[in-house]
Amino acid sequence: MRFTVFTPTYNRAHTLDRLYHSLQRQTFRDFEWIVVDDGSTDNTRNTIKRFIDEKPFFEIKYFYTENGGKHRAINRAISVAEGNLFFIADSDDHLTDDALYKVDEIEKTIPSDKKDQFAGVCGLDGYDFKTQVGTTFSDLEYLDITGFEREKYNIKGDKKEVFYTDVLRKYPFPTFDNETFISEGIVWDRMAKDGLKLRYFNEIIYLCEYQPEGISNNQSTYFVNSPKGWALFINEYIVNYKLGFKSKWNMIYGYYGSMKKFLPIKTMANSFNVNTVYFKIIMFIIRFHKKLSNLLKDVHL
């Protein structure tokens, strides 16, 4: 099978019809649809059953799990996926009618003897068919780079990565007990660290609708509720992006500011592999500097 389209969903029965109908309209038809229901308490199960009973041209595989977060749902789907390429389609978004066709065509341009250098391909997210999310490169048909080179080529904002399923199996999402979130960037960066590229192309293949209660609009809350996963992301980000002393500690200070009501300072210090006293001193200095800067701004005004 060429594609696995995968949808993690939690209490989004009311948005699934639009995604389902966009799959029915695909001009490229060699795909399956895997839905992992992450503990929904609404009508999701019956909604997917209705789709299955309609007998669309593609196979639908439905799995129910206890609520564990999108990253666990991805791990589950990867373990059973039969497609060569893995396309993540969130339950509140949908595909353009030719999305899979375009991805198939671009992927075929990667020479067979170089495919092992790639994690997959990447198109554009759009707010609609003409308005892209973020910014992108220009004057090229496509661009072969790792995720670490995005800023260099003005590639900013959400994009639609489509990965080789076999590659994703080598990079499972880390999980922590009692935590339901970890940034997808942690895995995408691990691929980039190993030198795996994506073939970026400038066509909108995926239409986003950012729900008020969704992850994108509430990421800080998700981070706070998953402190171990957040700390791991920060530690790896500091190394991967070669942050200097100031940038590193400002990033850690953001963690400290959000978590100081919930975690002992020793636990936070241990999360970043530093001495507790040293950690306290750095946090005090940054806090003092920020207060002084704000005071000087007020005086200036």
# chains A, B, ... in the order shown; residues from 1 in each chain; ligands from 1

call {"tool": "residues_around", "arguments": {"residues": "Glu32 (chain A)", "least_positions_apart": "4", "cutoff": "12 Å", "atoms": "only C-alpha atoms", "output": "PDB file with N, CA, C and O atoms, in the first residue's frame"}}
result
ATOM      1  N   MET A   1       0.844  -1.186   0.000  1.00  0.00           N
ATOM      2  CA  MET A   1       0.000   0.000   0.000  1.00  0.00           C
ATOM      3  C   MET A   1       0.887   1.247   0.000  1.00  0.00           C
ATOM      4  O   MET A   1       1.907   1.296   0.672  1.00  0.00           O
ATOM      5  N   ARG A   2       0.463   2.268  -0.741  1.00  0.00           N
ATOM      6  CA  ARG A   2       1.298   3.458  -0.882  1.00  0.00           C
ATOM      7  C   ARG A   2       1.231   4.357   0.352  1.00  0.00           C
ATOM      8  O   ARG A   2       2.253   4.839   0.834  1.00  0.00           O
ATOM      9  N   PHE A   3       0.026   4.627   0.879  1.00  0.00           N
ATOM     10  CA  PHE A   3      -0.129   5.559   1.990  1.00  0.00           C
ATOM     11  C   PHE A   3      -0.897   4.947   3.147  1.00  0.00           C
ATOM     12  O   PHE A   3      -1.844   4.165   2.950  1.00  0.00           O
ATOM     13  N   THR A   4      -0.503   5.357   4.341  1.00  0.00           N
ATOM     14  CA  THR A   4      -1.358   5.268   5.521  1.00  0.00           C
ATOM     15  C   THR A   4      -1.694   6.696   5.910  1.00  0.00           C
ATOM     16  O   THR A   4      -0.800   7.495   6.191  1.00  0.00           O
ATOM     17  N   VAL A   5      -2.977   7.029   5.872  1.00  0.00           N
ATOM     18  CA  VAL A   5      -3.434   8.303   6.429  1.00  0.00           C
ATOM     19  C   VAL A   5      -3.845   7.999   7.864  1.00  0.00           C
ATOM     20  O   VAL A   5      -4.638   7.096   8.116  1.00  0.00           O
ATOM     21  N   PHE A   6      -3.278   8.736   8.795  1.00  0.00           N
ATOM     22  CA  PHE A   6      -3.499   8.454  10.214  1.00  0.00           C
ATOM     23  C   PHE A   6      -4.136   9.651  10.910  1.00  0.00           C
ATOM     24  O   PHE A   6      -3.691  10.789  10.756  1.00  0.00           O
ATOM     25  N   THR A   7      -5.170   9.371  11.686  1.00  0.00           N
ATOM     26  CA  THR A   7      -5.858  10.419  12.439  1.00  0.00           C
ATOM     27  C   THR A   7      -5.940  10.061  13.917  1.00  0.00           C
ATOM     28  O   THR A   7      -6.588   9.084  14.275  1.00  0.00           O
ATOM     29  N   TYR A  20     -13.227  12.909   6.578  1.00  0.00           N
ATOM     30  CA  TYR A  20     -13.627  11.685   5.875  1.00  0.00           C
ATOM     31  C   TYR A  20     -14.013  11.991   4.428  1.00  0.00           C
ATOM     32  O   TYR A  20     -13.586  11.286   3.490  1.00  0.00           O
ATOM     33  N   LEU A  23     -11.106  12.553   2.216  1.00  0.00           N
ATOM     34  CA  LEU A  23     -10.462  11.300   1.817  1.00  0.00           C
ATOM     35  C   LEU A  23     -11.238  10.620   0.698  1.00  0.00           C
ATOM     36  O   LEU A  23     -10.646  10.027  -0.215  1.00  0.00           O
ATOM     37  N   GLN A  24     -12.554  10.708   0.763  1.00  0.00           N
ATOM     38  CA  GLN A  24     -13.366  10.137  -0.314  1.00  0.00           C
ATOM     39  C   GLN A  24     -13.089  10.816  -1.656  1.00  0.00           C
ATOM     40  O   GLN A  24     -13.260  10.198  -2.711  1.00  0.00           O
ATOM     41  N   GLN A  26     -10.177  11.924  -2.730  1.00  0.00           N
ATOM     42  CA  GLN A  26      -8.789  11.817  -3.175  1.00  0.00           C
ATOM     43  C   GLN A  26      -8.689  11.259  -4.592  1.00  0.00           C
ATOM     44  O   GLN A  26      -9.305  10.243  -4.910  1.00  0.00           O
ATOM     45  N   PHE A  28      -5.886  10.167  -5.762  1.00  0.00           N
ATOM     46  CA  PHE A  28      -4.985   9.012  -5.606  1.00  0.00           C
ATOM     47  C   PHE A  28      -5.638   8.083  -4.591  1.00  0.00           C
ATOM     48  O   PHE A  28      -5.942   8.485  -3.467  1.00  0.00           O
ATOM     49  N   ILE A  52     -17.394   3.252   8.206  1.00  0.00           N
ATOM     50  CA  ILE A  52     -17.049   1.884   7.799  1.00  0.00           C
ATOM     51  C   ILE A  52     -18.237   1.217   7.108  1.00  0.00           C
ATOM     52  O   ILE A  52     -18.084   0.539   6.078  1.00  0.00           O
ATOM     53  N   PRO A  56     -16.444   2.728   1.971  1.00  0.00           N
ATOM     54  CA  PRO A  56     -15.703   3.555   1.011  1.00  0.00           C
ATOM     55  C   PRO A  56     -14.646   2.721   0.292  1.00  0.00           C
ATOM     56  O   PRO A  56     -14.392   1.564   0.658  1.00  0.00           O
ATOM     57  N   PHE A  57     -14.013   3.303  -0.727  1.00  0.00           N
ATOM     58  CA  PHE A  57     -13.050   2.545  -1.517  1.00  0.00           C
ATOM     59  C   PHE A  57     -11.772   2.249  -0.742  1.00  0.00           C
ATOM     60  O   PHE A  57     -10.968   1.413  -1.150  1.00  0.00           O
ATOM     61  N   PHE A  58     -11.541   2.932   0.385  1.00  0.00           N
ATOM     62  CA  PHE A  58     -10.349   2.702   1.190  1.00  0.00           C
ATOM     63  C   PHE A  58     -10.731   1.992   2.491  1.00  0.00           C
ATOM     64  O   PHE A  58     -11.853   2.127   2.994  1.00  0.00           O
ATOM     65  N   GLU A  59      -9.782   1.228   3.030  1.00  0.00           N
ATOM     66  CA  GLU A  59     -10.023   0.523   4.281  1.00  0.00           C
ATOM     67  C   GLU A  59      -9.876   1.472   5.459  1.00  0.00           C
ATOM     68  O   GLU A  59      -8.972   2.312   5.492  1.00  0.00           O
ATOM     69  N   ILE A  60     -10.777   1.334   6.438  1.00  0.00           N
ATOM     70  CA  ILE A  60     -10.720   2.123   7.660  1.00  0.00           C
ATOM     71  C   ILE A  60     -10.423   1.186   8.824  1.00  0.00           C
ATOM     72  O   ILE A  60     -11.124   0.190   9.023  1.00  0.00           O
ATOM     73  N   LYS A  61      -9.384   1.514   9.586  1.00  0.00           N
ATOM     74  CA  LYS A  61      -9.029   0.728  10.764  1.00  0.00           C
ATOM     75  C   LYS A  61      -9.199   1.615  11.995  1.00  0.00           C
ATOM     76  O   LYS A  61      -8.576   2.688  12.090  1.00  0.00           O
ATOM     77  N   TYR A  62     -10.018   1.178  12.936  1.00  0.00           N
ATOM     78  CA  TYR A  62     -10.338   1.978  14.122  1.00  0.00           C
ATOM     79  C   TYR A  62      -9.792   1.288  15.360  1.00  0.00           C
ATOM     80  O   TYR A  62      -9.985   0.091  15.568  1.00  0.00           O
ATOM     81  N   ALA A  77      -0.311   3.712  15.832  1.00  0.00           N
ATOM     82  CA  ALA A  77      -0.632   3.628  14.414  1.00  0.00           C
ATOM     83  C   ALA A  77       0.554   3.150  13.588  1.00  0.00           C
ATOM     84  O   ALA A  77       0.402   2.351  12.652  1.00  0.00           O
ATOM     85  N   VAL A  80       1.004  -0.629  13.243  1.00  0.00           N
ATOM     86  CA  VAL A  80       0.079  -1.424  12.421  1.00  0.00           C
ATOM     87  C   VAL A  80      -0.062  -0.889  11.005  1.00  0.00           C
ATOM     88  O   VAL A  80      -0.777  -1.482  10.187  1.00  0.00           O
ATOM     89  N   ALA A  81       0.601   0.226  10.695  1.00  0.00           N
ATOM     90  CA  ALA A  81       0.453   0.847   9.378  1.00  0.00           C
ATOM     91  C   ALA A  81       0.994  -0.057   8.274  1.00  0.00           C
ATOM     92  O   ALA A  81       2.031  -0.689   8.429  1.00  0.00           O
ATOM     93  N   GLU A  82       0.290  -0.085   7.145  1.00  0.00           N
ATOM     94  CA  GLU A  82       0.710  -0.881   5.991  1.00  0.00           C
ATOM     95  C   GLU A  82       1.176  -0.013   4.836  1.00  0.00           C
ATOM     96  O   GLU A  82       1.681  -0.531   3.839  1.00  0.00           O
ATOM     97  N   GLY A  83       1.010   1.301   4.945  1.00  0.00           N
ATOM     98  CA  GLY A  83       1.421   2.182   3.870  1.00  0.00           C
ATOM     99  C   GLY A  83       2.917   2.442   3.884  1.00  0.00           C
ATOM    100  O   GLY A  83       3.549   2.451   4.940  1.00  0.00           O
ATOM    101  N   ASN A  84       3.463   2.709   2.713  1.00  0.00           N
ATOM    102  CA  ASN A  84       4.878   3.077   2.593  1.00  0.00           C
ATOM    103  C   ASN A  84       5.135   4.477   3.147  1.00  0.00           C
ATOM    104  O   ASN A  84       6.182   4.752   3.717  1.00  0.00           O
ATOM    105  N   LEU A  85       4.156   5.366   2.970  1.00  0.00           N
ATOM    106  CA  LEU A  85       4.247   6.740   3.450  1.00  0.00           C
ATOM    107  C   LEU A  85       3.169   6.986   4.494  1.00  0.00           C
ATOM    108  O   LEU A  85       2.043   6.488   4.373  1.00  0.00           O
ATOM    109  N   PHE A  86       3.498   7.782   5.507  1.00  0.00           N
ATOM    110  CA  PHE A  86       2.628   7.979   6.672  1.00  0.00           C
ATOM    111  C   PHE A  86       2.224   9.446   6.729  1.00  0.00           C
ATOM    112  O   PHE A  86       3.054  10.327   6.969  1.00  0.00           O
ATOM    113  N   PHE A  87       0.948   9.708   6.509  1.00  0.00           N
ATOM    114  CA  PHE A  87       0.397  11.060   6.416  1.00  0.00           C
ATOM    115  C   PHE A  87      -0.476  11.301   7.646  1.00  0.00           C
ATOM    116  O   PHE A  87      -1.523  10.686   7.794  1.00  0.00           O
ATOM    117  N   ILE A  88      -0.061  12.209   8.537  1.00  0.00           N
ATOM    118  CA  ILE A  88      -0.825  12.508   9.747  1.00  0.00           C
ATOM    119  C   ILE A  88      -1.855  13.583   9.434  1.00  0.00           C
ATOM    120  O   ILE A  88      -1.509  14.691   9.019  1.00  0.00           O
ATOM    121  N   LEU A 100      -2.699  13.469  -1.808  1.00  0.00           N
ATOM    122  CA  LEU A 100      -1.920  12.233  -1.895  1.00  0.00           C
ATOM    123  C   LEU A 100      -1.268  12.089  -3.271  1.00  0.00           C
ATOM    124  O   LEU A 100      -0.143  11.587  -3.379  1.00  0.00           O
TER     125      LEU A 100
END

call {"tool": "closest_residue", "arguments": {"among": "A:Asp166, A:Pro264, A:Thr175, A:Phe233", "to": "Ile78 (chain A)", "atoms": "only C-alpha atoms"}}
result
A:Asp166

call {"tool": "residues_around", "arguments": {"residues": "Ser138 (chain A)", "least_positions_apart": "2", "cutoff": "12 Å", "atoms": "only C-alpha atoms", "output": "PyMOL selection string"}}
result
chain A and resi 135-136+140-143+153-155+200-203

call {"tool": "residues_around", "arguments": {"residues": "region 280-291 of chain A", "least_positions_apart": "2", "cutoff": "8 Å", "atoms": "only C-alpha atoms", "output": "PDB file with N, CA, C and O atoms, in the first residue's frame"}}
result
ATOM      1  N   TRP A 249      19.625  29.469  29.020  1.00  0.00           N
ATOM      2  CA  TRP A 249      19.053  29.685  30.342  1.00  0.00           C
ATOM      3  C   TRP A 249      17.747  30.461  30.298  1.00  0.00           C
ATOM      4  O   TRP A 249      16.887  30.290  31.165  1.00  0.00           O
ATOM      5  N   ASN A 250      17.560  31.282  29.280  1.00  0.00           N
ATOM      6  CA  ASN A 250      16.257  31.920  29.119  1.00  0.00           C
ATOM      7  C   ASN A 250      15.179  30.887  28.808  1.00  0.00           C
ATOM      8  O   ASN A 250      14.039  30.986  29.275  1.00  0.00           O
ATOM      9  N   TYR A 253      14.506  29.118  31.986  1.00  0.00           N
ATOM     10  CA  TYR A 253      13.770  30.007  32.885  1.00  0.00           C
ATOM     11  C   TYR A 253      12.271  29.987  32.561  1.00  0.00           C
ATOM     12  O   TYR A 253      11.432  30.082  33.456  1.00  0.00           O
ATOM     13  N   TYR A 256      11.037  27.042  34.324  1.00  0.00           N
ATOM     14  CA  TYR A 256      11.001  27.323  35.765  1.00  0.00           C
ATOM     15  C   TYR A 256       9.793  28.203  36.122  1.00  0.00           C
ATOM     16  O   TYR A 256       9.077  27.936  37.098  1.00  0.00           O
ATOM     17  N   ILE A 265      12.279  22.777  43.343  1.00  0.00           N
ATOM     18  CA  ILE A 265      13.366  23.330  42.539  1.00  0.00           C
ATOM     19  C   ILE A 265      14.461  22.290  42.311  1.00  0.00           C
ATOM     20  O   ILE A 265      15.125  22.274  41.276  1.00  0.00           O
ATOM     21  N   THR A 276      21.613  22.069  42.301  1.00  0.00           N
ATOM     22  CA  THR A 276      20.449  22.827  42.743  1.00  0.00           C
ATOM     23  C   THR A 276      20.806  24.261  43.121  1.00  0.00           C
ATOM     24  O   THR A 276      20.088  25.207  42.767  1.00  0.00           O
ATOM     25  N   VAL A 277      21.905  24.459  43.843  1.00  0.00           N
ATOM     26  CA  VAL A 277      22.314  25.802  44.238  1.00  0.00           C
ATOM     27  C   VAL A 277      22.623  26.658  43.010  1.00  0.00           C
ATOM     28  O   VAL A 277      22.209  27.823  42.913  1.00  0.00           O
ATOM     29  N   TYR A 278      23.353  26.074  42.059  1.00  0.00           N
ATOM     30  CA  TYR A 278      23.681  26.788  40.826  1.00  0.00           C
ATOM     31  C   TYR A 278      22.403  27.166  40.082  1.00  0.00           C
ATOM     32  O   TYR A 278      22.260  28.293  39.575  1.00  0.00           O
ATOM     33  N   SER A 293      14.975  45.343  34.028  1.00  0.00           N
ATOM     34  CA  SER A 293      14.694  45.805  32.662  1.00  0.00           C
ATOM     35  C   SER A 293      13.308  46.429  32.579  1.00  0.00           C
ATOM     36  O   SER A 293      13.121  47.476  31.947  1.00  0.00           O
ATOM     37  N   ASN A 294      12.331  45.789  33.217  1.00  0.00           N
ATOM     38  CA  ASN A 294      10.974  46.327  33.212  1.00  0.00           C
ATOM     39  C   ASN A 294      10.900  47.665  33.952  1.00  0.00           C
ATOM     40  O   ASN A 294      10.192  48.583  33.529  1.00  0.00           O
ATOM     41  N   LEU A 295      11.653  47.751  35.057  1.00  0.00           N
ATOM     42  CA  LEU A 295      11.670  48.990  35.821  1.00  0.00           C
ATOM     43  C   LEU A 295      12.258  50.142  34.994  1.00  0.00           C
ATOM     44  O   LEU A 295      11.733  51.258  34.973  1.00  0.00           O
TER      45      LEU A 295
END

call {"tool": "closest_residue", "arguments": {"among": "A:Ser271, A:Thr109, A:Ser247, A:Asn75", "to": "Pro174 (chain A)", "atoms": "only C-alpha atoms"}}
result
A:Asn75

call {"tool": "residues_around", "arguments": {"residues": "Glu179 (chain A)", "least_positions_apart": "2", "cutoff": "9 Å", "atoms": "only C-alpha atoms", "output": "list in words"}}
result
Gly68, Gly69, Thr175, Phe176, Asp177, Phe181, Ile182, Asn225, Ser226, Pro227, Lys228 and Gly229 of chain A

call {"tool": "atom_distance", "arguments": {"atom1": "CA of Glu236 (chain A)", "atom2": "CA of Met251 (chain A)"}}
result
11.9 Å

call {"tool": "select_by_dssp", "arguments": {"residues": "region 35-268 of chain A", "states": "helix (DSSP H, G or I)", "output": "VMD selection string"}}
result
chain A and resid 44 to 53 70 to 80 99 to 108 112 to 117 147 to 149 151 to 153 165 to 169 185 to 193 216 to 224 227 to 240 245 to 259 265 to 268

call {"tool": "residues_around", "arguments": {"residues": "Gly120 (chain A)", "least_positions_apart": "2", "cutoff": "6 Å", "atoms": "only C-alpha atoms", "output": "compact mmCIF listing (two decimals) with C-alpha atoms, in the first residue's frame"}}
result
# COMPACT_ATOMS: atom_id res chain seq x y z
CA PHE A 118 15.41 11.08 3.36
CA VAL A 162 4.79 13.03 5.21
CA PHE A 163 7.25 10.44 6.45
CA TYR A 164 8.38 7.04 5.32
CA LEU A 198 12.86 16.12 3.71
